[in-house]
>>> print(open('data-v2.txt').read())   # compact mmCIF, C-alpha atoms and all ligand atoms
# COMPACT_ATOMS: atom_id res chain seq x y z
CA MET A 1436 15.68 -4.34 -7.21
CA ILE A 1437 13.34 -2.38 -9.49
CA LYS A 1438 10.58 -4.70 -10.77
CA ASP A 1439 8.19 -4.51 -13.73
CA LEU A 1440 4.65 -3.38 -12.97
CA VAL A 1441 1.65 -5.69 -13.31
CA HIS A 1442 -1.40 -4.21 -15.04
CA ASP A 1443 -3.57 -7.35 -15.30
CA PRO A 1444 -6.82 -6.60 -13.38
CA MET A 1445 -7.49 -10.35 -12.95
CA PHE A 1446 -4.17 -10.82 -11.15
CA LEU A 1447 -4.59 -7.58 -9.17
CA GLY A 1448 -8.04 -8.79 -8.05
CA ILE A 1449 -6.55 -11.73 -6.13
CA LYS A 1450 -6.41 -11.24 -2.35
CA SER A 1451 -2.80 -11.34 -1.13
CA ASN A 1452 -1.53 -13.82 1.47
CA PRO A 1453 0.07 -12.74 4.76
CA ALA A 1454 3.76 -11.87 4.40
CA ALA A 1455 6.31 -13.85 6.41
CA LYS A 1456 9.89 -13.11 7.42
CA GLU A 1457 11.21 -14.67 4.20
CA ASP A 1458 9.31 -11.96 2.30
CA ILE A 1459 11.52 -9.20 3.74
CA LEU A 1460 13.16 -8.70 0.32
CA VAL A 1461 9.76 -8.12 -1.30
CA GLY A 1462 9.54 -4.94 0.80
CA GLN A 1463 12.95 -3.83 -0.44
CA ASP A 1464 12.01 -4.49 -4.09
CA LEU A 1465 8.75 -2.63 -3.57
CA ALA A 1466 10.55 0.38 -2.07
CA ASP A 1467 13.10 0.36 -4.94
CA THR A 1468 10.30 0.19 -7.52
CA LEU A 1469 8.25 2.91 -5.83
CA ILE A 1470 11.27 5.23 -5.64
CA ALA A 1471 11.90 4.60 -9.37
CA HIS A 1472 8.30 5.74 -10.07
CA ARG A 1473 8.18 8.61 -7.57
CA GLU A 1474 7.31 11.14 -10.27
CA THR A 1475 3.96 9.41 -10.93
CA CYS A 1476 3.28 7.23 -7.89
CA VAL A 1477 2.96 7.78 -4.11
CA GLY A 1478 2.42 4.20 -2.98
CA MET A 1479 2.54 0.57 -4.09
CA ALA A 1480 1.40 -2.86 -2.98
CA ALA A 1481 3.41 -6.04 -3.62
CA ASN A 1482 0.90 -7.46 -6.13
CA MET A 1483 1.70 -4.47 -8.36
CA ILE A 1484 5.17 -6.05 -8.78
CA GLY A 1485 3.73 -9.56 -9.16
CA VAL A 1486 3.93 -10.83 -5.56
CA THR A 1487 0.64 -11.73 -3.83
CA LYS A 1488 1.87 -10.99 -0.30
CA CYS A 1489 0.55 -8.25 2.01
CA VAL A 1490 3.36 -5.73 1.72
CA ILE A 1491 2.96 -2.03 0.96
CA ALA A 1492 5.33 0.89 0.42
CA PHE A 1493 4.41 4.57 0.40
CA PHE A 1494 5.80 8.04 0.83
CA ASP A 1495 5.14 9.68 4.19
CA ASN A 1496 6.21 13.32 3.79
CA GLY A 1497 8.94 12.30 1.34
CA ARG A 1498 10.17 9.29 3.34
CA CYS A 1499 9.61 5.82 1.85
CA VAL A 1500 7.96 3.54 4.43
CA VAL A 1501 7.47 -0.24 4.06
CA MET A 1502 4.79 -2.12 6.02
CA TYR A 1503 4.20 -5.87 6.21
CA ASN A 1504 0.68 -7.15 6.92
CA PRO A 1505 -0.86 -3.70 7.52
CA GLU A 1506 -4.36 -3.59 8.96
CA ILE A 1507 -6.53 -0.59 9.75
CA VAL A 1508 -7.67 -0.92 13.36
CA GLN A 1509 -9.37 2.49 13.73
CA LYS A 1510 -10.74 5.04 11.29
CA SER A 1511 -12.66 8.29 11.42
CA GLY A 1512 -13.61 11.27 9.27
CA GLU A 1513 -15.20 9.64 6.23
CA PHE A 1514 -14.91 11.64 3.02
CA HIS A 1515 -15.47 11.14 -0.69
CA THR A 1516 -12.75 11.81 -3.22
CA GLU A 1517 -11.24 10.53 -6.48
CA GLU A 1518 -8.08 8.51 -6.95
CA SER A 1519 -5.96 7.22 -9.79
CA CYS A 1520 -3.93 4.03 -9.82
CA LEU A 1521 -0.66 3.38 -11.62
CA SER A 1522 -1.85 -0.18 -12.31
CA LEU A 1523 -5.09 0.87 -13.99
CA LEU A 1524 -5.75 2.70 -17.20
CA GLY A 1525 -8.13 5.63 -17.30
CA GLY A 1526 -8.75 8.69 -15.19
CA PRO A 1527 -9.51 9.18 -11.50
CA ARG A 1528 -12.33 7.11 -9.96
CA PRO A 1529 -14.58 7.95 -6.97
CA VAL A 1530 -13.70 6.37 -3.58
CA THR A 1531 -14.68 6.68 0.09
CA ARG A 1532 -11.76 7.26 2.47
CA TYR A 1533 -11.11 8.23 6.10
CA LYS A 1534 -9.11 11.28 7.21
CA ASN A 1535 -7.65 9.59 10.28
CA ILE A 1536 -6.54 5.98 10.55
CA ARG A 1537 -4.66 3.83 13.01
CA VAL A 1538 -2.65 1.02 11.39
CA LYS A 1539 -1.25 -2.15 12.91
CA PHE A 1540 1.68 -3.54 10.87
CA GLN A 1541 5.03 -5.30 11.01
CA ASP A 1542 8.08 -3.17 10.26
CA LYS A 1543 11.17 -4.27 8.32
CA THR A 1544 12.42 -6.21 11.35
CA PHE A 1545 9.00 -7.90 11.58
CA VAL A 1546 8.16 -6.27 14.89
CA TRP A 1547 4.45 -5.39 15.31
CA LYS A 1548 3.76 -1.67 15.63
CA THR A 1549 0.73 0.59 15.64
CA SER A 1550 0.86 4.10 14.18
CA SER A 1551 -1.61 6.87 13.41
CA PHE A 1552 -1.75 8.70 10.09
CA THR A 1553 -3.82 11.59 8.81
CA GLY A 1554 -4.54 13.37 5.54
CA PHE A 1555 -2.84 12.37 2.30
CA THR A 1556 -0.57 9.72 3.87
CA ALA A 1557 -3.61 8.06 5.46
CA GLN A 1558 -5.34 8.09 2.07
CA ILE A 1559 -2.37 6.42 0.32
CA ILE A 1560 -2.23 3.68 2.98
CA GLN A 1561 -5.95 2.95 2.54
CA HIS A 1562 -5.48 2.65 -1.24
CA GLU A 1563 -2.52 0.26 -0.84
CA ILE A 1564 -4.26 -1.90 1.80
CA ASP A 1565 -7.17 -2.21 -0.65
CA HIS A 1566 -4.65 -3.58 -3.19
CA CYS A 1567 -3.59 -6.24 -0.63
CA ASN A 1568 -7.24 -7.27 -0.39
CA GLY A 1569 -7.58 -7.49 -4.17
CA ILE A 1570 -9.74 -4.35 -4.23
CA LEU A 1571 -9.17 -1.99 -7.14
CA ILE A 1572 -10.60 1.52 -7.18
ZN ZN B 1 -3.32 1.56 -6.97
>>> encode(input="data-v2.txt", output="structure tokens", more="lines below")
Ligand SMILES: [Zn+2]
Amino acid sequence: MIKDLVHDPMFLGIKSNPAAKEDILVGQDLADTLIAHRETCVGMAANMIGVTKCVIAFFDNGRCVVMYNPEIVQKSGEFHTEESCLSLLGGPRPVTRYKNIRVKFQDKTFVWKTSSFTGFTAQIIQHEIDHCNGILI
């Protein structure tokens, strides 16, 4: 179900709690909402739709991927760039990111997996994991 977006920086600054199996539908809502905003948005975290659980959704080469409890376990290739956020007003802001990351997460069947990402997809995942930790760019 497509949800309304939260823009309140106080709410978005709260660290999300771990997601559990009963939060499976949050991932579906997040994917539906992200797909509805695909013209302007490449990734979302659950707190952007009002749920303080660690769930993210993003586009990986056009495919919408949902991760529960994602955690970066390896990173390399630090670089400095600028990012915008659908939840925040104003223009792009400077951030430090990593070109290559390895992410541990639970998939939509709640099985733990580890995958590697590079480039733009890796950057989106880092931005969305920051949201889970209450970190805004
Ligand atoms: Zn954002």
>>> residues_around(input="data-v2.txt", residues="stretch 1514-1517 of chain A", least_positions_apart="6", cutoff="8 Å", atoms="only C-alpha atoms", output="count of residues only")
8
>>> residues_around(input="data-v2.txt", residues="stretch 1547-1551 of chain A", least_positions_apart="6", cutoff="8 Å", atoms="all atoms listed in the file", output="CSV table (one decimal) with C-alpha atoms, keeping the file's coordinate frame")
chain,number,residue,atom,x,y,z
A,1535,ASN,CA,-7.6,9.6,10.3
A,1536,ILE,CA,-6.5,6.0,10.6
A,1537,ARG,CA,-4.7,3.8,13.0
A,1538,VAL,CA,-2.6,1.0,11.4
A,1539,LYS,CA,-1.2,-2.2,12.9
A,1540,PHE,CA,1.7,-3.5,10.9
A,1541,GLN,CA,5.0,-5.3,11.0
>>> atom_distance(input="data-v2.txt", atom1="atom CA of A:Ile1449", atom2="atom CA of A:Ala1480")
12.3 Å
>>> closest_atom_pairs(input="data-v2.txt", of="chain A", to="ligand ZN 1 (chain B)", cutoff="9 Å", atoms="all atoms listed in the file", output="CSV")
residue,atom,partner,partner_atom,distance
A:Cys1476,CA,B:ZN1,ZN,8.7
A:Gly1478,CA,B:ZN1,ZN,7.5
A:Met1479,CA,B:ZN1,ZN,6.6
A:Ala1480,CA,B:ZN1,ZN,7.6
A:Met1483,CA,B:ZN1,ZN,8.0
A:Glu1518,CA,B:ZN1,ZN,8.4
A:Ser1519,CA,B:ZN1,ZN,6.9
A:Cys1520,CA,B:ZN1,ZN,3.8
A:Leu1521,CA,B:ZN1,ZN,5.7
A:Ser1522,CA,B:ZN1,ZN,5.8
A:Leu1523,CA,B:ZN1,ZN,7.3
A:Ile1559,CA,B:ZN1,ZN,8.8
A:His1562,CA,B:ZN1,ZN,6.2
A:Glu1563,CA,B:ZN1,ZN,6.3
A:Asp1565,CA,B:ZN1,ZN,8.3
A:His1566,CA,B:ZN1,ZN,6.5
A:Leu1571,CA,B:ZN1,ZN,6.8
A:Ile1572,CA,B:ZN1,ZN,7.3
>>> axis_aligned_box(input="data-v2.txt", around="stretch 1531-1536 of chain A", padding_each_side="5 Å", output="JSON")
{"center_x": -10.6, "center_y": 8.6, "center_z": 5.3, "size_x": 18.1, "size_y": 15.3, "size_z": 20.5}
>>> closest_residue(input="data-v2.txt", among="A:Ala1454, A:Gln1558, A:Pro1444, A:Ile1570", to="A:Glu1513", atoms="only C-alpha atoms")
A:Gln1558
>>> residues_around(input="data-v2.txt", residues="A:Thr1487", least_positions_apart="5", cutoff="12 Å", atoms="only C-alpha atoms", output="mmCIF file with C-alpha atoms, in the frame of the given file")
data_model
loop_
_atom_site.group_PDB
_atom_site.id
_atom_site.type_symbol
_atom_site.label_atom_id
_atom_site.label_comp_id
_atom_site.auth_asym_id
_atom_site.auth_seq_id
_atom_site.Cartn_x
_atom_site.Cartn_y
_atom_site.Cartn_z
ATOM 1 C CA VAL A 1441 1.650 -5.690 -13.310
ATOM 2 C CA PHE A 1446 -4.170 -10.820 -11.150
ATOM 3 C CA LEU A 1447 -4.590 -7.580 -9.170
ATOM 4 C CA GLY A 1448 -8.040 -8.790 -8.050
ATOM 5 C CA ILE A 1449 -6.550 -11.730 -6.130
ATOM 6 C CA LYS A 1450 -6.410 -11.240 -2.350
ATOM 7 C CA SER A 1451 -2.800 -11.340 -1.130
ATOM 8 C CA ASN A 1452 -1.530 -13.820 1.470
ATOM 9 C CA PRO A 1453 0.070 -12.740 4.760
ATOM 10 C CA ALA A 1454 3.760 -11.870 4.400
ATOM 11 C CA ALA A 1455 6.310 -13.850 6.410
ATOM 12 C CA ASP A 1458 9.310 -11.960 2.300
ATOM 13 C CA VAL A 1461 9.760 -8.120 -1.300
ATOM 14 C CA ALA A 1480 1.400 -2.860 -2.980
ATOM 15 C CA ALA A 1481 3.410 -6.040 -3.620
ATOM 16 C CA ASN A 1482 0.900 -7.460 -6.130
ATOM 17 C CA ASN A 1504 0.680 -7.150 6.920
ATOM 18 C CA HIS A 1566 -4.650 -3.580 -3.190
ATOM 19 C CA CYS A 1567 -3.590 -6.240 -0.630
ATOM 20 C CA ASN A 1568 -7.240 -7.270 -0.390
ATOM 21 C CA GLY A 1569 -7.580 -7.490 -4.170
#
>>> closest_residue(input="data-v2.txt", among="A:Ile1491, A:Asn1496, A:Glu1474, A:Asp1464", to="A:Gly1554", atoms="all atoms listed in the file")
A:Asn1496
>>> atom_distance(input="data-v2.txt", atom1="atom CA of A:Val1477", atom2="atom CA of A:Glu1457")
25.3 Å
>>> atom_distance(input="data-v2.txt", atom1="atom CA of A:Arg1498", atom2="atom CA of A:Asp1443")
28.5 Å
